[in-house]
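Encoded as structure tokens, the structure appears first; notes follow it.
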Amino acid sequence: MYFDSHAHLDDEKFDEDRHEVIEGLKKRGICGVIDPGDSIDSSKKAVELAEEYDFIYAAVGIHPHEAGEVKDEDMDILVSMASHPKVVAIGEIGLDYYYDFSPKDRQKEEFINQIELAYRLDLPIIIHDRDAHGDMVDIIKDHRDMIKGGVMHCFSGSWELAKVFMDYGFYIALGGSVTFKNARRPVEVAQNIPLDRLLIETDSPYMTPVPYRGQRNDPGYVSLVAQRIGELRNMNGEDIGYITAQNISKAFPKVSTPIQS
């Protein structure tokens, strides 16, 4: 059984068949999914899905792409949503300098605001870090006493960088990129990471693993991520799924999974 630690089932790409996809996941071996919000609206939708399905959990947060549009009242709204018993983290939050849709100063400001929010609420964080590794490390270092653990989502950095984040208490989540033909860094991380610090994800509907790359992704494909990591470590992919499902309840204490250590 596999647990997808990061999938945007609230995304509009699922509007036509969302419930059919979700209802078919258990038959495909999926025992759980965390749906992280990337705006106030998507966070609300993630919570609604978590209320509807027993094996879906939500995180609430504002993505760096939306940092320039954050309103004063948004933090209060996040606090209200985070009180829900199935909201397990603040996220997806962080920095994205690749697209740079929001000014970097605003990205950093709202990232820090949400780290502080997670600290007050005693929740872990789900971090998005794209082409912003230097500032990311600096912010985490400066706020390490406020961070209650969390996950580096869809990790794209080097093995050396992964060790830095693990030293600060983070789990490392690998997704479809580990299956890509020219993948180097994700492969290096997959080969070296201690299994008790590893999570798997799809980042649905994006980052679809081989051999379905180019099609819409969904949590059922997380098994392909596990299989590839298993190949790289001379292990069975089902064992990777089992181990990473165990890790979920450690990374997110509010999650209850059928597979716990």
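To be explicit about the labels: the chains of the structure tokens are called A, B, and onward in the order shown, and within each one the residues are counted from 1, while ligands get numbers from 1 in the order they are shown.
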
Report the residues of range 47-234 of chain A whose backbone DSSP state falls under alpha helix (DSSP H), written as JSON, numbers by chain. {"A": [47, 48, 49, 50, 51, 52, 74, 75, 76, 77, 78, 79, 80, 81, 82, 104, 105, 106, 107, 108, 109, 110, 111, 112, 113, 114, 115, 116, 117, 118, 119, 120, 121, 133, 134, 135, 136, 137, 138, 139, 140, 141, 142, 159, 160, 161, 162, 163, 164, 165, 166, 167, 185, 186, 187, 188, 189, 190, 191, 192, 222, 223, 224, 225, 226, 227, 228, 229, 230, 231, 232]}

Considering only C-alpha atoms, return as a list in words whatever protein or nucleic-acid residues lie within 10 Å of Val210 in chain A, sequence-local ones (same chain, fewer than 4 positions apart) excluded.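 So the residues in contact are Gly176, Ser177, Val178, Thr179, Phe180, Lys181, Gly214, Gln215, Tyr221, Leu224, Val225 and Arg228 of chain A.
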
Give me the residues within 10 Å of Ala82 in chain A as a PyMOL selection string, counting only C-alpha atoms and dropping any in the same chain fewer than 2 places off. chain A and resi 43+47+58-61+76-80+84-90+117-118+121+123

Polymer residues at most 10 Å from range 160-164 of chain A, only C-alpha atoms, same-chain spacing of 4 or more positions, as a ChimeraX atom specification: /A:133-134,137,141,152,155-156,168-172,185,188-189,192-193

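Of the listed residues (A:Asp145, A:Asp131, A:Asp10, A:Glu48), A:Asp145 comes nearest to Ile115 in chain A; the distances count only C-alpha atoms.
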
Nearest to Asp11 in chain A, chosen from A:Arg144, A:Arg216, A:Lys250, A:His128, with only C-alpha atoms counted in the distances: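 Under the stated criterion, the closest residue is A:Arg216.
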
One-decimal distance in Å that lies between CA of Thr208 in chain A and CA of Ile62 in chain A: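 Taking CA of Ile62 in chain A as the start and CA of Thr208 in chain A as the end point, the length is 23.1 Å.
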
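Pairwise distance (CA of Met146 in chain A, CA of Phe111 in chain A) equals 12.7 Å.
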
Find the nearest atom pair between each residue of range 19-81 of chain A and range 195-204 of chain A for residues within 10 Å, count only C-alpha atoms, give distances in Å to one decimal, sort rows by chain and ascending number, and present the table as CSV.
residue,atom,partner,partner_atom,distance
A:Val33,CA,A:Glu201,CA,8.8
A:Ile34,CA,A:Glu201,CA,9.2
A:Asp35,CA,A:Asp203,CA,9.1
A:Pro36,CA,A:Asp203,CA,9.6

Mind dumping the selected residues with N, CA, C and O atoms as a PDB file, in the first residue's frame?
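Below is the file result_22.pdb, written as the result:
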ATOM      1  N   VAL A  33      -3.688  10.062   1.028  1.00  0.00           N
ATOM      2  CA  VAL A  33      -3.222  11.204   0.231  1.00  0.00           C
ATOM      3  C   VAL A  33      -3.271  12.443   1.110  1.00  0.00           C
ATOM      4  O   VAL A  33      -4.233  12.638   1.864  1.00  0.00           O
ATOM      5  N   ILE A  34      -2.252  13.285   1.001  1.00  0.00           N
ATOM      6  CA  ILE A  34      -2.308  14.630   1.574  1.00  0.00           C
ATOM      7  C   ILE A  34      -2.474  15.617   0.432  1.00  0.00           C
ATOM      8  O   ILE A  34      -1.685  15.619  -0.517  1.00  0.00           O
ATOM      9  N   ASP A  35      -3.517  16.444   0.528  1.00  0.00           N
ATOM     10  CA  ASP A  35      -3.802  17.478  -0.474  1.00  0.00           C
ATOM     11  C   ASP A  35      -3.439  18.832   0.129  1.00  0.00           C
ATOM     12  O   ASP A  35      -4.137  19.338   1.001  1.00  0.00           O
ATOM     13  N   PRO A  36      -2.325  19.439  -0.312  1.00  0.00           N
ATOM     14  CA  PRO A  36      -1.909  20.734   0.239  1.00  0.00           C
ATOM     15  C   PRO A  36      -2.501  21.895  -0.555  1.00  0.00           C
ATOM     16  O   PRO A  36      -2.472  21.918  -1.783  1.00  0.00           O
TER      17      PRO A  36
END

So that I can check the secondary structure, give me every residue of range 25-163 of chain A assigned strand (DSSP E) by backbone DSSP, as an NGL selection string. :A and (30-36 or 56-60 or 87-96 or 125-130 or 150-152)

Contacts of Asp105 in chain A at 12 Å (only C-alpha atoms; same-chain gap of 2+ positions) as a list in words: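 So the residues in contact are Pro64, Ala67, Gly68, Gly94, Leu95, Asp96, Tyr97, Asp100, Phe101, Ser102, Pro103, Gln107, Lys108, Glu109, Glu110, Phe111, Ile112 and Asp135 of chain A.
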